[in-house]
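One file, run-v9.cif, carrying mmCIF, C-alpha atoms:
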```cif
data_data
#
loop_
_atom_site.label_atom_id
_atom_site.label_comp_id
_atom_site.auth_asym_id
_atom_site.auth_seq_id
_atom_site.Cartn_x
_atom_site.Cartn_y
_atom_site.Cartn_z
CA MET M 3 0.00 0.00 0.00
CA ILE M 4 1.36 3.37 -1.04
CA ALA M 5 0.36 6.71 0.45
CA VAL M 6 1.81 9.86 -1.11
CA GLY M 7 1.35 13.46 -0.04
CA VAL M 8 2.48 16.87 -1.23
CA GLN M 9 1.45 19.60 1.17
CA ALA M 10 2.20 23.08 2.51
CA GLU M 11 1.20 22.10 6.05
CA ARG M 12 3.61 20.63 8.54
CA ILE M 13 3.95 16.85 8.60
CA ASP M 14 2.93 15.22 11.87
CA ILE M 15 5.95 12.91 12.02
CA GLY M 16 4.79 11.14 15.17
CA ALA M 17 1.32 10.38 13.84
CA GLN M 18 2.71 9.28 10.47
CA ALA M 19 5.23 6.93 12.05
CA GLU M 20 2.63 5.54 14.47
CA ALA M 21 0.28 4.69 11.61
CA LEU M 22 2.63 2.08 10.14
CA GLY M 23 3.19 -1.49 11.19
CA ARG M 24 0.23 -1.74 13.52
CA ASP M 25 -1.45 -4.64 11.70
CA GLY M 26 0.74 -7.32 13.26
CA LYS M 27 2.21 -8.34 9.89
CA ALA M 28 5.25 -6.09 9.70
CA GLY M 29 8.36 -6.79 11.73
CA ALA M 30 10.15 -3.58 10.76
CA VAL M 31 9.26 0.03 10.13
CA VAL M 32 11.97 2.42 8.96
CA THR M 33 11.16 6.12 8.93
CA PHE M 34 13.21 8.99 7.60
CA SER M 35 12.57 12.69 8.23
CA GLY M 36 14.48 15.37 6.36
CA TYR M 37 14.74 18.78 8.07
CA CYS M 38 15.50 22.35 7.12
CA ARG M 39 18.88 23.45 8.53
CA ASP M 40 19.61 27.04 9.55
CA GLU M 41 23.02 26.79 7.80
CA ASP M 42 24.90 28.04 10.90
CA GLY M 43 22.37 30.78 11.53
CA ARG M 44 22.46 32.21 7.99
CA LEU M 45 19.02 30.98 6.92
CA GLU M 46 15.62 32.44 7.78
CA ALA M 47 13.71 29.85 5.75
CA LEU M 48 13.72 27.66 2.69
CA GLU M 49 11.07 28.18 0.05
CA LEU M 50 10.13 25.08 -1.89
CA GLU M 51 8.60 25.40 -5.32
CA HIS M 52 7.03 22.33 -6.94
CA TYR M 53 5.30 21.20 -10.11
CA PRO M 54 1.77 20.36 -8.96
CA GLY M 55 0.58 17.07 -10.37
CA MET M 56 3.95 15.89 -11.60
CA ALA M 57 5.39 16.04 -8.07
CA GLU M 58 2.78 13.59 -6.75
CA ARG M 59 3.14 11.33 -9.81
CA GLU M 60 6.92 11.13 -9.56
CA ILE M 61 6.89 10.39 -5.83
CA GLU M 62 4.32 7.67 -6.40
CA ALA M 63 6.36 6.20 -9.28
CA VAL M 64 9.46 6.06 -7.07
CA CYS M 65 7.45 4.33 -4.31
CA ARG M 66 6.12 1.79 -6.84
CA GLU M 67 9.67 1.01 -7.97
CA ALA M 68 10.68 0.43 -4.37
CA GLU M 69 7.69 -1.90 -3.91
CA ALA M 70 8.69 -3.84 -7.02
CA ARG M 71 12.23 -4.17 -5.74
CA TRP M 72 11.67 -5.11 -2.09
CA PRO M 73 8.86 -6.91 -0.26
CA LEU M 74 7.39 -3.80 1.34
CA MET M 75 4.04 -3.92 3.08
CA GLU M 76 3.46 -0.22 3.39
CA VAL M 77 5.12 2.83 1.91
CA ARG M 78 4.51 6.46 2.83
CA ALA M 79 6.16 9.51 1.30
CA ILE M 80 5.20 13.10 2.07
CA HIS M 81 6.95 16.22 0.76
CA ARG M 82 6.23 19.81 1.71
CA PHE M 83 6.18 22.89 -0.49
CA GLY M 84 6.11 26.61 0.37
CA LYS M 85 8.03 28.20 3.25
CA VAL M 86 9.80 25.83 5.62
CA LEU M 87 11.57 27.18 8.70
CA PRO M 88 14.82 25.83 10.20
CA GLY M 89 13.97 22.92 12.48
CA GLU M 90 10.85 22.05 10.50
CA GLU M 91 10.52 18.89 8.47
CA ILE M 92 10.71 18.99 4.66
CA VAL M 93 10.13 15.36 3.82
CA PHE M 94 9.00 12.13 5.46
CA VAL M 95 9.45 8.59 4.14
CA ALA M 96 8.46 5.35 5.83
CA CYS M 97 8.61 1.71 4.79
CA ALA M 98 7.10 -1.25 6.64
CA ALA M 99 8.28 -4.76 5.84
CA ARG M 100 8.47 -8.22 7.34
CA HIS M 101 12.21 -7.78 7.96
CA ARG M 102 14.39 -4.74 8.50
CA GLY M 103 16.66 -5.10 5.43
CA ALA M 104 13.88 -4.36 2.95
CA ALA M 105 12.53 -1.52 5.08
CA PHE M 106 15.95 0.18 5.39
CA GLU M 107 16.83 -0.22 1.72
CA GLY M 108 13.37 0.74 0.48
CA ALA M 109 13.43 3.99 2.47
CA ALA M 110 16.95 4.87 1.29
CA PHE M 111 16.02 4.12 -2.34
CA ILE M 112 12.90 6.28 -2.16
CA MET M 113 14.84 9.23 -0.71
CA ASP M 114 17.64 8.97 -3.29
CA PHE M 115 15.21 8.94 -6.20
CA MET M 116 12.84 11.52 -4.75
CA LYS M 117 15.77 13.94 -4.60
CA THR M 118 16.71 13.40 -8.23
CA ARG M 119 13.29 12.83 -9.85
CA ALA M 120 10.57 14.65 -7.93
CA PRO M 121 10.13 18.20 -9.29
CA PHE M 122 10.89 20.38 -6.25
CA TRP M 123 13.29 23.32 -6.07
CA LYS M 124 14.65 25.07 -2.99
CA ARG M 125 15.38 28.76 -2.64
CA GLU M 126 17.06 30.33 0.37
CA HIS M 127 15.64 33.22 2.37
CA LEU M 128 18.40 34.79 4.45
CA LYS M 129 18.39 36.18 7.99
CA ASP M 130 19.30 39.65 6.72
CA GLY M 131 15.93 39.82 4.94
CA THR M 132 17.21 39.22 1.43
CA VAL M 133 16.15 36.43 -0.88
CA GLY M 134 19.14 34.23 -1.55
CA GLY M 135 19.79 32.03 -4.54
CA TRP M 136 18.26 28.79 -5.71
CA VAL M 137 19.97 25.81 -4.17
CA ALA M 138 22.12 24.07 -6.77
CA ALA M 139 21.63 20.37 -7.43
CA LYS M 140 24.47 18.26 -6.08
CA ASP M 141 26.40 15.64 -8.03
CA THR M 142 26.44 13.59 -4.83
CA ASP M 143 22.64 13.22 -5.08
CA ASP M 144 22.95 11.86 -8.62
CA HIS M 145 25.68 9.49 -7.49
CA ALA M 146 23.53 8.31 -4.59
CA ALA M 147 20.72 7.48 -7.02
CA ASP M 148 23.09 5.93 -9.57
CA ARG M 149 24.46 3.41 -7.10
CA TRP M 150 21.10 1.60 -7.08
CA HIS M 151 21.50 0.86 -10.80
CA ARG M 152 24.70 -0.99 -10.02
CA LEU M 153 23.27 -3.15 -7.25
CA MET Q 18 0.83 23.97 -26.87
CA LYS Q 19 1.39 25.00 -23.30
CA LEU Q 20 4.86 25.65 -21.95
CA VAL Q 21 5.39 25.83 -18.20
CA TYR Q 22 8.50 27.07 -16.42
CA PHE Q 23 9.81 26.56 -12.89
CA ALA Q 24 12.34 28.02 -10.43
CA TRP Q 25 15.09 30.16 -12.00
CA ILE Q 26 13.99 29.29 -15.51
CA ARG Q 27 10.59 30.85 -14.74
CA GLU Q 28 12.27 33.91 -13.22
CA ARG Q 29 14.66 34.49 -16.11
CA ILE Q 30 11.97 34.09 -18.76
CA GLY Q 31 9.59 36.19 -16.66
CA LEU Q 32 6.59 33.92 -17.20
CA ALA Q 33 5.17 30.92 -15.35
CA GLU Q 34 3.50 29.60 -18.48
CA GLU Q 35 2.52 30.50 -22.02
CA GLU Q 36 0.77 29.12 -25.08
CA VAL Q 37 2.94 28.87 -28.18
CA ALA Q 38 2.48 27.73 -31.76
CA LEU Q 39 5.64 25.92 -32.78
CA PRO Q 40 7.07 26.69 -36.20
CA ALA Q 41 7.41 23.81 -38.64
CA GLY Q 42 10.56 21.73 -38.34
CA ILE Q 43 10.65 21.50 -34.56
CA VAL Q 44 10.64 17.78 -33.86
CA THR Q 45 12.68 17.09 -30.75
CA VAL Q 46 12.96 18.67 -27.32
CA ALA Q 47 16.43 19.94 -28.32
CA ASP Q 48 14.86 21.71 -31.36
CA LEU Q 49 12.35 23.36 -29.04
CA LEU Q 50 15.03 24.59 -26.62
CA HIS Q 51 17.08 26.02 -29.50
CA TRP Q 52 14.03 27.86 -30.88
CA LEU Q 53 13.02 29.18 -27.46
CA LYS Q 54 16.51 30.53 -26.81
CA GLY Q 55 16.15 32.89 -29.75
CA ARG Q 56 12.88 34.45 -28.55
CA GLY Q 57 14.42 37.22 -26.42
CA PRO Q 58 16.91 38.13 -23.70
CA GLY Q 59 14.99 36.34 -20.91
CA TYR Q 60 14.87 33.12 -22.89
CA GLU Q 61 18.54 33.54 -23.81
CA ALA Q 62 19.41 33.92 -20.11
CA ALA Q 63 17.30 30.93 -19.09
CA LEU Q 64 18.75 28.70 -21.79
CA GLN Q 65 22.38 29.77 -21.86
CA ALA Q 66 23.35 26.24 -20.81
CA PRO Q 67 20.51 24.22 -22.36
CA GLU Q 68 22.21 20.91 -21.53
CA ILE Q 69 21.41 21.34 -17.83
CA VAL Q 70 17.74 22.17 -18.42
CA ARG Q 71 15.36 19.34 -17.54
CA VAL Q 72 12.23 18.82 -19.61
CA ALA Q 73 8.97 16.96 -18.96
CA LEU Q 74 6.47 16.09 -21.69
CA ASP Q 75 2.98 15.89 -20.18
CA GLN Q 76 4.55 15.56 -16.73
CA GLU Q 77 6.96 12.74 -17.68
CA HIS Q 78 10.73 13.28 -17.63
CA CYS Q 79 12.27 13.04 -21.10
CA HIS Q 80 15.62 13.31 -22.90
CA HIS Q 81 16.50 16.23 -25.14
CA SER Q 82 16.70 13.84 -28.07
CA ASP Q 83 13.10 12.70 -27.59
CA PRO Q 84 10.45 13.80 -30.10
CA ILE Q 85 7.85 16.22 -28.75
CA GLY Q 86 5.09 14.23 -30.43
CA GLN Q 87 1.57 15.20 -29.38
CA ALA Q 88 2.50 16.60 -25.97
CA HIS Q 89 0.04 19.16 -24.61
CA GLU Q 90 2.17 20.51 -21.77
CA ILE Q 91 5.93 20.86 -21.88
CA ALA Q 92 7.72 21.86 -18.69
CA LEU Q 93 11.22 23.32 -18.42
CA PHE Q 94 13.01 23.36 -15.09
CA PRO Q 95 16.44 23.22 -13.44
CA PRO Q 96 17.77 20.01 -11.86
CA MET Q 97 15.60 19.13 -8.87
CA THR Q 98 16.67 20.04 -5.34
CA GLY Q 99 13.89 18.67 -3.15
CA GLY Q 100 14.18 16.20 -0.33
#
```
In structure tokens, what does this structure look like?
Amino acid sequence: MIAVGVQAERIDIGAQAEALGRDGKAGAVVTFSGYCRDEDGRLEALELEHYPGMAEREIEAVCREAEARWPLMEVRAIHRFGKVLPGEEIVFVACAARHRGAAFEGAAFIMDFMKTRAPFWKREHLKDGTVGGWVAAKDTDDHAADRWHRL
Amino acid sequence: MKLVYFAWIRERIGLAEEEVALPAGIVTVADLLHWLKGRGPGYEAALQAPEIVRVALDQEHCHHSDPIGQAHEIALFPPMTGG
């Protein structure tokens, strides 16, 4: 079962994590939460732009690939858009499986591909009141996604 | 056909979206990017390094060598930085 969300509202990490693995079938639930850093006090907020429609479709496609690759019982992926403050969550991913290996790998796979395939872009808002630049994509994210092709 | 732009591509072009009628001879995504680049300074600035621009045909990622086909909505955006 896949549940995907794209939302401006905060993600209730506790409630999301609690909702998985309560059916008595799963032996492992791995959750990942990605947060907005203050970049050593430099950042006021991150602004996330997204492509409505395509963002949901791409996240769902990545979750389906994870399901095809590992025996996952439940997959959840939620990504925020709009203004996110330091200390707030940007993204949440959870995988429930019979055993921990699939749950760990499924969650890592989903994060790596969400970063390189889901249409979201970050822009910095700085503490001095100015709007900073768009965050540049990192080669390390591409490499993290590429490694799954070699496994 | 509808073109939609995101992040710094949207800002440089100065539009979030527009309807365009493509001239004859534009077959691939690369043809489209080359044509767009010649439409004015904003387009020139947005497409100065066209190889890094990502394109989606009807909300599906594609390669620059892919034919545009019957796509209704073509999106141009920088490499993604979510997550």
Worksheet item: Which neighbours of Gly89 in chain M fall inside 10 Å, counting all atoms listed in the file, when residues of the same chain fewer than 6 positions from it are skipped, and could you give them as an MDAnalysis selection string?
Response: chainID M and resid 36:40 47
Hey, what's within 9 Å of range 66-79 of chain Q if we count only C-alpha atoms and toss same-chain stuff fewer than 5 positions away? As a PDB file with C-alpha atoms, in the frame of the given file, please?
```pdb
ATOM      1  CA  TYR M  53       5.300  21.200 -10.110  1.00  0.00           C
ATOM      2  CA  GLY M  55       0.580  17.070 -10.370  1.00  0.00           C
ATOM      3  CA  MET M  56       3.950  15.890 -11.600  1.00  0.00           C
ATOM      4  CA  ALA M  57       5.390  16.040  -8.070  1.00  0.00           C
ATOM      5  CA  ARG M  59       3.140  11.330  -9.810  1.00  0.00           C
ATOM      6  CA  GLU M  60       6.920  11.130  -9.560  1.00  0.00           C
ATOM      7  CA  ARG M 119      13.290  12.830  -9.850  1.00  0.00           C
TER       8      ARG M 119
ATOM      9  CA  ILE Q  26      13.990  29.290 -15.510  1.00  0.00           C
ATOM     10  CA  VAL Q  46      12.960  18.670 -27.320  1.00  0.00           C
ATOM     11  CA  ALA Q  47      16.430  19.940 -28.320  1.00  0.00           C
ATOM     12  CA  LEU Q  50      15.030  24.590 -26.620  1.00  0.00           C
ATOM     13  CA  HIS Q  51      17.080  26.020 -29.500  1.00  0.00           C
ATOM     14  CA  LYS Q  54      16.510  30.530 -26.810  1.00  0.00           C
ATOM     15  CA  ILE Q  85       7.850  16.220 -28.750  1.00  0.00           C
ATOM     16  CA  ALA Q  88       2.500  16.600 -25.970  1.00  0.00           C
ATOM     17  CA  HIS Q  89       0.040  19.160 -24.610  1.00  0.00           C
ATOM     18  CA  GLU Q  90       2.170  20.510 -21.770  1.00  0.00           C
ATOM     19  CA  ILE Q  91       5.930  20.860 -21.880  1.00  0.00           C
ATOM     20  CA  ALA Q  92       7.720  21.860 -18.690  1.00  0.00           C
ATOM     21  CA  LEU Q  93      11.220  23.320 -18.420  1.00  0.00           C
ATOM     22  CA  PHE Q  94      13.010  23.360 -15.090  1.00  0.00           C
ATOM     23  CA  PRO Q  95      16.440  23.220 -13.440  1.00  0.00           C
ATOM     24  CA  PRO Q  96      17.770  20.010 -11.860  1.00  0.00           C
ATOM     25  CA  MET Q  97      15.600  19.130  -8.870  1.00  0.00           C
TER      26      MET Q  97
END
```
List every residue of chain M that has an atom at most 6 Å from any atom of chain Q, and for each one report the closest atom pair and its distance in Å to one decimal, counting all atoms listed in the file, with rows sorted by chain and then by increasing residue number, as CSV.
```
residue,atom,partner,partner_atom,distance
M:Met56,CA,Q:Gln76,CA,5.2
M:Val93,CA,Q:Gly100,CA,5.9
M:Lys117,CA,Q:Gly100,CA,5.1
M:Thr118,CA,Q:Met97,CA,5.9
M:Pro121,CA,Q:Met97,CA,5.6
M:Phe122,CA,Q:Gly99,CA,4.6
M:Trp123,CA,Q:Thr98,CA,4.8
M:Lys124,CA,Q:Thr98,CA,5.9
M:Ala139,CA,Q:Thr98,CA,5.4
```
Report the residues retrieved by the PyMOL selection byres ((chain M and resi 6) around 9) from the displayed file, expressed as a PDB file with C-alpha atoms, in the frame of the given file.
```pdb
ATOM      1  CA  ILE M   4       1.360   3.370  -1.040  1.00  0.00           C
ATOM      2  CA  ALA M   5       0.360   6.710   0.450  1.00  0.00           C
ATOM      3  CA  GLY M   7       1.350  13.460  -0.040  1.00  0.00           C
ATOM      4  CA  VAL M   8       2.480  16.870  -1.230  1.00  0.00           C
ATOM      5  CA  GLU M  58       2.780  13.590  -6.750  1.00  0.00           C
ATOM      6  CA  ARG M  59       3.140  11.330  -9.810  1.00  0.00           C
ATOM      7  CA  ILE M  61       6.890  10.390  -5.830  1.00  0.00           C
ATOM      8  CA  GLU M  62       4.320   7.670  -6.400  1.00  0.00           C
ATOM      9  CA  CYS M  65       7.450   4.330  -4.310  1.00  0.00           C
ATOM     10  CA  VAL M  77       5.120   2.830   1.910  1.00  0.00           C
ATOM     11  CA  ARG M  78       4.510   6.460   2.830  1.00  0.00           C
ATOM     12  CA  ALA M  79       6.160   9.510   1.300  1.00  0.00           C
ATOM     13  CA  ILE M  80       5.200  13.100   2.070  1.00  0.00           C
ATOM     14  CA  HIS M  81       6.950  16.220   0.760  1.00  0.00           C
TER      15      HIS M  81
END
```
Worksheet entry | Top pick for closest residue to Trp72 in chain M, considering M:His101, M:Lys85, M:His52, M:Lys129 and counting all atoms listed in the file |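 That would be M:His101, the residue with the smallest distance to Trp72 in chain M.
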Worksheet entry | Straight-line distance linking CA of Ala38 in chain Q with CA of His80 in chain Q, stated in Å to one decimal |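 Atom-to-atom, CA of Ala38 in chain Q and CA of His80 in chain Q are spaced 21.4 Å apart.
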Fill in: the PyMOL selection byres ((chain M and resi 106) around 12) applied to the shown file, residues as a list in words
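What the PyMOL selection byres ((chain M and resi 106) around 12) grabs from the file is Ala30, Val31, Val32, Thr33, Phe34, Ala68, Trp72, Pro73, Leu74, Val77, Val95, Ala96, Cys97, Ala98, Ala99, Arg100, His101, Arg102, Gly103, Ala104, Ala105, Glu107, Gly108, Ala109, Ala110, Phe111, Ile112 and Met113 of chain M.
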Can you list what the PyMOL selection byres ((chain Q and resi 30) around 7) grabs from this structure, as a JSON list (two decimals) with C-alpha atoms, keeping the file's coordinate frame?
```
[["chain", "number", "residue", "atom", "x", "y", "z"],
["Q", 26, "ILE", "CA", 13.99, 29.29, -15.51],
["Q", 27, "ARG", "CA", 10.59, 30.85, -14.74],
["Q", 28, "GLU", "CA", 12.27, 33.91, -13.22],
["Q", 29, "ARG", "CA", 14.66, 34.49, -16.11],
["Q", 31, "GLY", "CA", 9.59, 36.19, -16.66],
["Q", 32, "LEU", "CA", 6.59, 33.92, -17.20],
["Q", 59, "GLY", "CA", 14.99, 36.34, -20.91],
["Q", 60, "TYR", "CA", 14.87, 33.12, -22.89],
["Q", 63, "ALA", "CA", 17.30, 30.93, -19.09]]
```
Worksheet item: Between CA of Gly43 in chain M and CA of Leu128 in chain M, what is the distance, to one decimal in Å?
Response: 9.1 Å
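Between CA of Arg82 in chain M and CA of Thr142 in chain M the separation is 22.1 Å.
Of the listed residues (M:Leu48, M:Leu87, M:Ala120, M:Ala17), M:Leu48 comes nearest to Trp136 in chain M; the distances count only C-alpha atoms.
Residue nearest Ile13 in chain M within the list M:Glu90, M:Asp42, M:Asp130, M:Asp148: M:Glu90 [criterion: smallest interatomic distance, all atoms listed in the file].
With distances taken over all atoms listed in the file, M:Gly16 is the one residue among M:Val64, M:Asp141, M:Gly135, M:Gly16 lying closest to Ser35 in chain M.
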Practice prompt. Tell me which of Q:Ala33, Q:Leu53, Q:Val44, Q:Leu64 sits closest to Ser82 in chain Q, counting all atoms listed in the file.
Written response: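 With all atoms listed in the file as the atom set, the closest residue is Q:Val44.
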